[in-house]
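J.: Let me begin by handing over the structure; questions about it come next.
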There are 2 protein chains.
Amino acid sequence: MESSQNSLPDSAAILQAAQRIKTFINRTPVVTSSRINKMFDTEIFFKCENFQKVGAFKARGATNAVMSLEEDLITNGVATHSSGNHAQALSWAASLRQNKAYIVMPSNSSRVKVEAVKSYGGIITFCEPTLEAREETLYKIICKTNATEIHPYNDYRIIAGQATAALELIDEQPRLDIIITPVGGGGLLSGTALSVCYFSAGTSVIGAEPEQANDAFLSFTQKHFIPSIHPDTIADGLRTSLGTITFPIILEHVQEIVTVSETAIIAAMRFIWERLKIIIEPSSAVPFAAIMEKKIDVRRKRTGIIFTGGNVDLDELPW
Amino acid sequence: MESSQNSLPDSAAILQAAQRIKTFINRTPVVTSSRINKMFDTEIFFKCENFQKVGAFKARGATNAVMSLEEDLITNGVATHSSGNHAQALSWAASLRQNKAYIVMPSNSSRVKVEAVKSYGGIITFCEPTLEAREETLYKIICKTNATEIHPYNDYRIIAGQATAALELIDEQPRLDIIITPVGGGGLLSGTALSVCYFSAGTSVIGAEPEQANDAFLSFTQKHFIPSIHPDTIADGLRTSLGTITFPIILEHVQEIVTVSETAIIAAMRFIWERLKIIIEPSSAVPFAAIMEKKIDVRRKRTGIIFTGGNVDLDELPW
C-alpha cells in the first residue's frame, strides 16, 4: 500500500519516493578530501547534488511530485513561481511525463536562469519582481490552464523527494555524527531531518543559513514563525522564508541552526572550487562556511554535507 | 622479475607502475553526461584526472619515478625545472618518501603556482624565464646537491606512470573506439598509446593540440622533430615540445594529431564547467574543443577523453 502523499512523510513514503524517482535522477557521488579532513581534523563526506539532473537536488522533489500525481491532475500540466532551481527542476520533471510546466518568473530574473528553464521546456510568464505579483500571476495561470501547483518546498511530496538525498548519503556512509544542509524554505532541511529520524538515529541535523537571511535561525530559536524580510545574501537559493509545513518538522527534528557571514560563504565556495575542483553555487557553500567560521565543531566527527547545487553564472563570480 | 625502468615500457612495466603507485594516487572517476552525448550523437567517457592528487595526472608519473628510484638515487632528493603541474607533482611525490624536491621555476611564474609547489614542500630556485636559464640553473643545483633529475615527460618511468590513466579508463570502459588526450611534451599521449597498444587493440589514439603550439602536429605529419617556437596558447601545459623519447612512441602508436583554435579551447572549458560542474584547466579542454570544432568525428563512437588537470587561477579566468 502506498503511503499517503498529502501528509507528513513516514519512513515508507521516503523509501517509496526513492523508488519512484530512481530511474530519472542521478545517484550522486559522495566525495572526500584527505587534505580538507586533515586541515579541519575531521572526516567530511560531501554529497554532490551539484551533479544532480538540472544541477541541483531540486530535481528529486520535483520528480517525486510530478511522478506521484494522478493522471487527471497532471494532464493540464504543473505550475509554480520560482526564479531558481525549482523552476528548472519542475520544467524538466514535467517533460519526463510529456506534460507542460508553467513557470512564473520575476522580470529581473537573470538571462542564464531564463535560458535554463526554456531549455527544459518550461513555459515562462514574466511578472513584476514582488511576491504579490508572483502569486497573483500564478493564480491567474492556474485559473486559465487548470494546471496543478507544485510549491518549491511547502509540499509533503517535495519534502519526501528531497529526503532521498540524505537517504543515499546515510546508505553510503552510515553512523555519521552530523549532517549539515543549507536552509532556505526548509524543504531539504526538513526532508533530511526526517530521513535521519527514520534511518540514522544518533546523527545530529544542523541547518546552516546566511546571517543576512536569518529567518530560519530566528524562527527556530524563538519557536515561532518569523518571515524573511529584505534578505540580502549571495546565496540566492536561501532568501525564502520557512513554510507552514517545513517549519514544524524542523522545530521537532533539527538540533541546531547556525548562521554565517557573506565573506565566509564566498571564501568557502572558492575553497571548494580550488580544493575539490568542483563547481558549487553560493547556497551550497553555506554549510562548509559554518565549519570555516567555527560555528560548528566537527573535530573528530564523521560529518555529512549536502552540496545542494552547481548552477552559477560564470560571468558573475564573486571574486 | 621487474621490467627495466630505463627502456620502453612493455605491458608488464605499465602494470607494475599501476601497482607501485596505487596506494598513493586516486583512482579517478569516469563521468558521463546524457545531455552531452545527445548533443554530439556520441558516448563520451571523461576520465577525471582533475580530481587526481595535486590536481593533475602528473602525480602518476612523478610517483612512479620517485617510488622506483633505488635508495641511493633518492637519498639526495630529486630535481626538475617546471612552472607547471610536474613541479607540484614531483614535490608531492618526493614528500611521500620524506625526500627533497628541488624545483627550478622561472621568475615570472604565477603566485598561485609558486604557492602550490611550496605547499607540497618543494624547494624553489627562481631563474630567468628562458629555457637556457632553466637548464643551467637546474644543472648547477644537481651538481651542488647530487639530486636525481626527473624530467617532466622525456623519461620512461614518467611515461609508464602516465600510461596508468588510460589503463584505468580501459579497465572501466572496454571497447572504446577512440581515446583522445592533449599533447604537450607527449608524456601522457605516448603512455596512453602504449596502454592502448597492449590492452585495448582496436582503439584509436588521437592527440589534440592548440593550433598556436602545433609542434606535435607538425612533427607527426612531417615525421621529423620540429620544436615548439613561441607557443602562444592559453593551454599552458601544452607549450612544450615533444621529447626524443616520447616522439618515436607517438609516431609509431598514435593514429592522428589534430589542432584546435584558442576560441574553441575557451569555449570547451566553459562548456565543461557549466554542463559537468567540474573545474578543468585550459589544457584539459583541448580534446573536447576538437569535438566541438568537428576536428574529430565521434558520432556513434565510444569515445574516451582524459581531463588532464584542474589547476586554474580563479582570478584569471578567460571569460
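FYI, nothing fancy with the C-alpha cells labels: chains A, B, ... in order, residues from 1 per chain, ligands from 1 as they appear.
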If the cut-off is 12 Å, can you tell me the residues of chain A near chain B, counting only C-alpha atoms? I'd like them as a count of residues only.
T.: 49
J.: Give me the residues near range 137-146 of chain B as a VMD selection string, where near means some atom within 12 Å (using only C-alpha atoms) and where sequence neighbours in that chain fewer than 4 positions away do not count.
T.: chain B and resid 72 to 82 100 to 106 123 to 133 150 to 151
J.: Can you write just those residues out, N, CA, C and O atoms, as a compact mmCIF listing (two decimals), in the first residue's frame?
T.:
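Now in out16.txt:
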```
# COMPACT_ATOMS: atom_id res chain seq x y z
N ASP B 72 69.84 4.80 -3.05
CA ASP B 72 71.00 5.70 -3.21
C ASP B 72 70.72 6.80 -4.23
O ASP B 72 71.40 7.82 -4.24
N LEU B 73 69.72 6.62 -5.08
CA LEU B 73 69.41 7.66 -6.07
C LEU B 73 68.40 8.67 -5.55
O LEU B 73 68.22 9.74 -6.11
N ILE B 74 67.70 8.32 -4.48
CA ILE B 74 66.69 9.23 -3.96
C ILE B 74 67.21 9.98 -2.73
O ILE B 74 66.70 11.03 -2.36
N THR B 75 68.28 9.47 -2.13
CA THR B 75 68.70 9.98 -0.83
C THR B 75 69.10 11.46 -0.87
O THR B 75 68.92 12.18 0.10
N ASN B 76 69.58 11.92 -2.03
CA ASN B 76 69.91 13.34 -2.15
C ASN B 76 68.78 14.16 -2.78
O ASN B 76 68.98 15.31 -3.18
N GLY B 77 67.63 13.55 -2.91
CA GLY B 77 66.49 14.28 -3.44
C GLY B 77 66.35 14.16 -4.94
O GLY B 77 67.16 13.51 -5.62
N VAL B 78 65.30 14.79 -5.45
CA VAL B 78 65.05 14.83 -6.89
C VAL B 78 64.98 16.28 -7.33
O VAL B 78 64.81 17.18 -6.51
N ALA B 79 65.12 16.50 -8.64
CA ALA B 79 65.14 17.88 -9.13
C ALA B 79 64.53 17.96 -10.52
O ALA B 79 64.56 17.00 -11.30
N THR B 80 63.94 19.11 -10.82
CA THR B 80 63.41 19.33 -12.16
C THR B 80 63.26 20.84 -12.39
O THR B 80 63.33 21.63 -11.46
N HIS B 81 63.09 21.20 -13.67
CA HIS B 81 62.62 22.57 -13.90
C HIS B 81 61.24 22.50 -14.51
O HIS B 81 60.99 21.72 -15.43
N SER B 82 60.33 23.27 -13.95
CA SER B 82 58.94 23.23 -14.38
C SER B 82 58.21 24.41 -13.76
O SER B 82 58.45 24.78 -12.62
N LYS B 100 63.69 15.30 -0.52
CA LYS B 100 63.59 16.69 -1.01
C LYS B 100 63.33 16.75 -2.50
O LYS B 100 63.76 15.87 -3.26
N ALA B 101 62.63 17.81 -2.92
CA ALA B 101 62.46 18.07 -4.36
C ALA B 101 62.95 19.49 -4.63
O ALA B 101 62.45 20.44 -4.03
N TYR B 102 63.94 19.59 -5.50
CA TYR B 102 64.46 20.91 -5.88
C TYR B 102 63.79 21.32 -7.19
O TYR B 102 63.90 20.61 -8.21
N ILE B 103 63.10 22.44 -7.16
CA ILE B 103 62.31 22.85 -8.32
C ILE B 103 62.83 24.19 -8.85
O ILE B 103 62.86 25.18 -8.12
N VAL B 104 63.26 24.19 -10.11
CA VAL B 104 63.66 25.44 -10.75
C VAL B 104 62.43 26.01 -11.46
O VAL B 104 61.81 25.34 -12.28
N MET B 105 62.09 27.25 -11.09
CA MET B 105 60.91 27.88 -11.69
C MET B 105 61.31 29.23 -12.28
O MET B 105 62.11 29.95 -11.69
N PRO B 106 60.76 29.60 -13.44
CA PRO B 106 61.04 30.92 -14.00
C PRO B 106 60.50 32.02 -13.08
O PRO B 106 59.49 31.83 -12.39
N ILE B 123 61.43 22.78 -2.87
CA ILE B 123 62.43 23.81 -2.58
C ILE B 123 62.69 24.56 -3.89
O ILE B 123 63.27 24.00 -4.83
N ILE B 124 62.26 25.81 -3.95
CA ILE B 124 62.24 26.52 -5.22
C ILE B 124 63.49 27.37 -5.43
O ILE B 124 63.95 28.05 -4.51
N THR B 125 64.04 27.31 -6.64
CA THR B 125 65.06 28.26 -7.06
C THR B 125 64.51 28.99 -8.29
O THR B 125 64.10 28.34 -9.25
N PHE B 126 64.48 30.31 -8.21
CA PHE B 126 63.98 31.06 -9.36
C PHE B 126 65.11 31.35 -10.34
O PHE B 126 66.27 31.45 -9.96
N CYS B 127 64.74 31.47 -11.62
CA CYS B 127 65.73 31.83 -12.64
C CYS B 127 65.07 32.71 -13.70
O CYS B 127 63.86 32.90 -13.67
N GLU B 128 65.86 33.20 -14.63
CA GLU B 128 65.31 33.96 -15.75
C GLU B 128 64.35 33.06 -16.54
O GLU B 128 64.57 31.86 -16.64
N PRO B 129 63.32 33.66 -17.13
CA PRO B 129 62.34 32.83 -17.83
C PRO B 129 62.76 32.44 -19.25
O PRO B 129 62.07 32.72 -20.22
N THR B 130 63.92 31.79 -19.35
CA THR B 130 64.32 31.23 -20.64
C THR B 130 64.68 29.77 -20.43
O THR B 130 65.03 29.36 -19.32
N LEU B 131 64.60 28.98 -21.50
CA LEU B 131 64.92 27.56 -21.39
C LEU B 131 66.38 27.39 -20.98
O LEU B 131 66.71 26.54 -20.15
N GLU B 132 67.25 28.24 -21.55
CA GLU B 132 68.68 28.15 -21.22
C GLU B 132 68.91 28.35 -19.73
O GLU B 132 69.63 27.59 -19.08
N ALA B 133 68.29 29.41 -19.19
CA ALA B 133 68.48 29.72 -17.77
C ALA B 133 67.94 28.59 -16.90
O ALA B 133 68.53 28.24 -15.87
N ILE B 150 64.42 14.41 -12.55
CA ILE B 150 63.25 13.72 -13.08
C ILE B 150 62.61 14.64 -14.12
O ILE B 150 61.95 15.63 -13.78
N HIS B 151 62.81 14.30 -15.38
CA HIS B 151 62.28 15.13 -16.46
C HIS B 151 60.74 15.03 -16.50
O HIS B 151 60.20 13.97 -16.21
```
J.: Which one of B:Glu168, B:Glu115, B:Glu256, B:Asp232 sits closest to Pro182 in chain B if you count only C-alpha atoms?
T.: B:Glu256
J.: Write out as an NGL selection string which residues come within 10 Å of Ile245 in chain A when counting only C-alpha atoms, dropping same-chain ones fewer than 3 positions away.
T.: :A and (7-8 or 153-156 or 159 or 185-187 or 190 or 242 or 248-250)
J.: Env of Gln222 in chain B: 12 Å cut, atoms = only C-alpha atoms, seq-sep filter 5 positions within chain, self excluded. Answer as a PyMOL selection string.
T.: chain B and resi 215-217+251+257
J.: Just the alpha helix (DSSP H) stuff from range 252-307 of chain A, please, per backbone DSSP, written as a compact mmCIF listing (two decimals) with all heavy atoms, in the first residue's frame.
T.:
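Result went into out.txt, see below:
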```
# COMPACT_ATOMS: atom_id res chain seq x y z
N GLU A 252 10.88 20.17 15.27
CA GLU A 252 10.86 18.90 16.01
C GLU A 252 12.12 18.06 15.80
O GLU A 252 12.59 17.42 16.72
CB GLU A 252 9.63 18.07 15.59
CG GLU A 252 9.50 16.80 16.45
CD GLU A 252 8.19 16.06 16.24
OE1 GLU A 252 7.27 16.62 15.59
OE2 GLU A 252 8.09 14.90 16.71
N HIS A 253 12.69 18.11 14.56
CA HIS A 253 13.72 17.11 14.25
C HIS A 253 15.12 17.67 13.99
O HIS A 253 16.04 16.89 13.72
CB HIS A 253 13.29 16.28 13.03
CG HIS A 253 12.07 15.44 13.27
ND1 HIS A 253 12.09 14.32 14.07
CD2 HIS A 253 10.78 15.58 12.85
CE1 HIS A 253 10.88 13.80 14.11
NE2 HIS A 253 10.07 14.54 13.39
N GLU A 262 28.59 36.64 4.87
CA GLU A 262 28.74 36.62 3.40
C GLU A 262 30.19 36.33 3.00
O GLU A 262 30.46 35.60 2.04
CB GLU A 262 28.31 37.96 2.81
CG GLU A 262 26.82 38.25 2.95
CD GLU A 262 25.94 37.26 2.19
OE1 GLU A 262 26.03 37.20 0.96
OE2 GLU A 262 25.17 36.55 2.85
N THR A 263 31.11 36.92 3.76
CA THR A 263 32.54 36.70 3.48
C THR A 263 32.88 35.21 3.57
O THR A 263 33.61 34.68 2.72
CB THR A 263 33.40 37.45 4.51
OG1 THR A 263 32.86 38.75 4.67
CG2 THR A 263 34.84 37.54 4.07
N ALA A 264 32.34 34.56 4.58
CA ALA A 264 32.63 33.13 4.75
C ALA A 264 32.00 32.31 3.63
O ALA A 264 32.59 31.32 3.18
CB ALA A 264 32.12 32.65 6.11
N ILE A 265 30.83 32.70 3.17
CA ILE A 265 30.18 31.95 2.08
C ILE A 265 31.05 32.00 0.82
O ILE A 265 31.31 30.98 0.18
CB ILE A 265 28.76 32.51 1.77
CG1 ILE A 265 27.84 32.34 2.99
CG2 ILE A 265 28.16 31.83 0.54
CD1 ILE A 265 26.50 33.07 2.87
N ILE A 266 31.52 33.19 0.49
CA ILE A 266 32.35 33.34 -0.71
C ILE A 266 33.67 32.60 -0.54
O ILE A 266 34.14 31.90 -1.45
CB ILE A 266 32.56 34.84 -1.03
CG1 ILE A 266 31.23 35.49 -1.37
CG2 ILE A 266 33.57 35.01 -2.17
CD1 ILE A 266 31.26 37.01 -1.42
N ALA A 267 34.27 32.72 0.64
CA ALA A 267 35.54 32.02 0.89
C ALA A 267 35.36 30.51 0.80
O ALA A 267 36.20 29.80 0.24
CB ALA A 267 36.10 32.42 2.25
N ALA A 268 34.26 30.01 1.35
CA ALA A 268 34.00 28.56 1.33
C ALA A 268 33.77 28.07 -0.09
O ALA A 268 34.27 27.03 -0.50
CB ALA A 268 32.79 28.23 2.21
N MET A 269 33.03 28.85 -0.87
CA MET A 269 32.75 28.48 -2.25
C MET A 269 34.06 28.38 -3.03
O MET A 269 34.34 27.40 -3.72
CB MET A 269 31.83 29.54 -2.86
CG MET A 269 31.50 29.36 -4.34
SD MET A 269 30.26 30.63 -4.84
CE MET A 269 30.51 30.64 -6.63
N ARG A 270 34.89 29.40 -2.86
CA ARG A 270 36.16 29.40 -3.58
C ARG A 270 37.07 28.25 -3.12
O ARG A 270 37.74 27.61 -3.95
CB ARG A 270 36.86 30.75 -3.39
CG ARG A 270 38.14 30.84 -4.17
CD ARG A 270 38.68 32.24 -4.23
NE ARG A 270 39.93 32.21 -4.96
CZ ARG A 270 40.37 33.18 -5.76
NH1 ARG A 270 39.66 34.27 -5.92
NH2 ARG A 270 41.51 33.07 -6.38
N PHE A 271 37.09 28.01 -1.83
CA PHE A 271 37.91 26.94 -1.27
C PHE A 271 37.51 25.59 -1.88
O PHE A 271 38.37 24.80 -2.28
CB PHE A 271 37.72 26.93 0.25
CG PHE A 271 38.59 25.96 0.99
CD1 PHE A 271 39.84 26.35 1.45
CD2 PHE A 271 38.18 24.66 1.22
CE1 PHE A 271 40.66 25.45 2.14
CE2 PHE A 271 38.98 23.75 1.90
CZ PHE A 271 40.22 24.15 2.36
N ILE A 272 36.22 25.34 -1.97
CA ILE A 272 35.74 24.07 -2.54
C ILE A 272 36.09 23.99 -4.03
O ILE A 272 36.54 22.94 -4.51
CB ILE A 272 34.21 23.92 -2.32
CG1 ILE A 272 33.90 23.78 -0.83
CG2 ILE A 272 33.66 22.73 -3.13
CD1 ILE A 272 34.54 22.60 -0.14
N TRP A 273 35.92 25.08 -4.76
CA TRP A 273 36.30 25.08 -6.18
C TRP A 273 37.78 24.72 -6.33
O TRP A 273 38.17 23.91 -7.17
CB TRP A 273 36.06 26.46 -6.81
CG TRP A 273 34.64 26.81 -7.11
CD1 TRP A 273 33.55 26.55 -6.34
CD2 TRP A 273 34.16 27.51 -8.27
NE1 TRP A 273 32.42 27.05 -6.96
CE2 TRP A 273 32.76 27.64 -8.12
CE3 TRP A 273 34.77 28.05 -9.40
CZ2 TRP A 273 31.96 28.29 -9.08
CZ3 TRP A 273 33.98 28.70 -10.35
CH2 TRP A 273 32.60 28.81 -10.18
N GLU A 274 38.63 25.35 -5.49
CA GLU A 274 40.07 25.16 -5.63
C GLU A 274 40.54 23.79 -5.16
O GLU A 274 41.42 23.20 -5.76
CB GLU A 274 40.82 26.26 -4.88
CG GLU A 274 40.69 27.61 -5.57
CD GLU A 274 41.43 28.73 -4.85
OE1 GLU A 274 41.69 28.61 -3.65
OE2 GLU A 274 41.72 29.76 -5.52
N ARG A 275 39.96 23.32 -4.08
CA ARG A 275 40.45 22.07 -3.49
C ARG A 275 39.79 20.85 -4.10
O ARG A 275 40.45 19.85 -4.36
CB ARG A 275 40.20 22.06 -1.97
CG ARG A 275 40.89 23.18 -1.23
CD ARG A 275 42.40 23.03 -1.30
NE ARG A 275 43.05 24.24 -0.81
CZ ARG A 275 44.09 24.21 0.02
NH1 ARG A 275 44.59 23.07 0.43
NH2 ARG A 275 44.65 25.35 0.39
N LEU A 276 38.47 20.89 -4.27
CA LEU A 276 37.78 19.71 -4.79
C LEU A 276 37.62 19.75 -6.31
O LEU A 276 37.22 18.75 -6.92
CB LEU A 276 36.39 19.57 -4.14
CG LEU A 276 36.35 19.26 -2.65
CD1 LEU A 276 34.90 19.04 -2.20
CD2 LEU A 276 37.18 18.03 -2.30
N VAL A 286 27.29 27.21 2.09
CA VAL A 286 26.94 27.71 3.42
C VAL A 286 27.31 26.73 4.55
O VAL A 286 27.88 27.15 5.56
CB VAL A 286 25.46 28.17 3.44
CG1 VAL A 286 24.98 28.48 4.85
CG2 VAL A 286 25.30 29.41 2.54
N PRO A 287 27.04 25.43 4.43
CA PRO A 287 27.45 24.50 5.50
C PRO A 287 28.97 24.49 5.72
O PRO A 287 29.43 24.51 6.86
CB PRO A 287 26.96 23.13 5.00
CG PRO A 287 25.79 23.46 4.15
CD PRO A 287 26.18 24.73 3.43
N PHE A 288 29.73 24.49 4.63
CA PHE A 288 31.18 24.47 4.82
C PHE A 288 31.68 25.81 5.38
O PHE A 288 32.64 25.85 6.16
CB PHE A 288 31.90 24.13 3.51
CG PHE A 288 33.33 23.77 3.72
CD1 PHE A 288 33.68 22.57 4.33
CD2 PHE A 288 34.35 24.65 3.36
CE1 PHE A 288 35.01 22.24 4.57
CE2 PHE A 288 35.68 24.33 3.59
CZ PHE A 288 36.02 23.13 4.19
N ALA A 289 30.99 26.89 5.02
CA ALA A 289 31.31 28.20 5.59
C ALA A 289 31.15 28.16 7.11
O ALA A 289 31.95 28.75 7.85
CB ALA A 289 30.41 29.27 4.98
N ALA A 290 30.15 27.42 7.57
CA ALA A 290 29.93 27.31 9.02
C ALA A 290 31.08 26.59 9.71
O ALA A 290 31.43 26.89 10.85
CB ALA A 290 28.60 26.60 9.29
N ILE A 291 31.68 25.63 8.99
CA ILE A 291 32.85 24.94 9.55
C ILE A 291 34.05 25.88 9.55
O ILE A 291 34.78 25.99 10.53
CB ILE A 291 33.14 23.65 8.75
CG1 ILE A 291 32.00 22.65 8.98
CG2 ILE A 291 34.49 23.05 9.14
CD1 ILE A 291 32.09 21.39 8.14
N MET A 292 34.25 26.58 8.43
CA MET A 292 35.38 27.52 8.35
C MET A 292 35.28 28.61 9.41
O MET A 292 36.28 29.05 9.96
CB MET A 292 35.47 28.14 6.95
CG MET A 292 35.91 27.16 5.87
SD MET A 292 35.90 27.88 4.19
CE MET A 292 37.45 28.80 4.17
```
J.: Just the strand (DSSP E or B) stuff from range 85-154 of chain A, please, per backbone DSSP, written as a VMD selection string.
T.: chain A and resid 101 to 106 123 to 127 148 to 149
J.: Would you list the contacts of Asn64 in chain B as a PyMOL selection string, taking every protein, DNA or RNA residue within 8 Å and counting only C-alpha atoms, but skipping same-chain residues closer than 2 positions in sequence?
T.: chain B and resi 17+20-21+60-62+66-68+157-158+160-161
J.: Find the spatial neighbours of Thr42 in chain A, counting only C-alpha atoms, within a cut-off of 9 Å - ignore same-chain residues fewer than 4 positions away - and output them as a ChimeraX atom specification.
T.: /A:36-38,298-303
J.: Find the spatial neighbours of Ser91 in chain A, counting only C-alpha atoms, within a cut-off of 7 Å - ignore same-chain residues fewer than 2 positions away - and output them as a PyMOL selection string.
T.: chain A and resi 87-89+93-95+101+117+120-122
J.: Could you tell me how far CA of Thr164 in chain A sits from CA of Gln16 in chain A, in Å to one decimal place?
T.: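 Result for CA of Gln16 in chain A versus CA of Thr164 in chain A: 9.7 Å, one decimal.
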J.: Quick one: of A:Arg239, A:Arg97, A:Lys113, A:Lys47, who's nearest to Leu69 in chain A, counting only C-alpha atoms?
T.: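 So, comparing all the options, the nearest one is A:Arg97.
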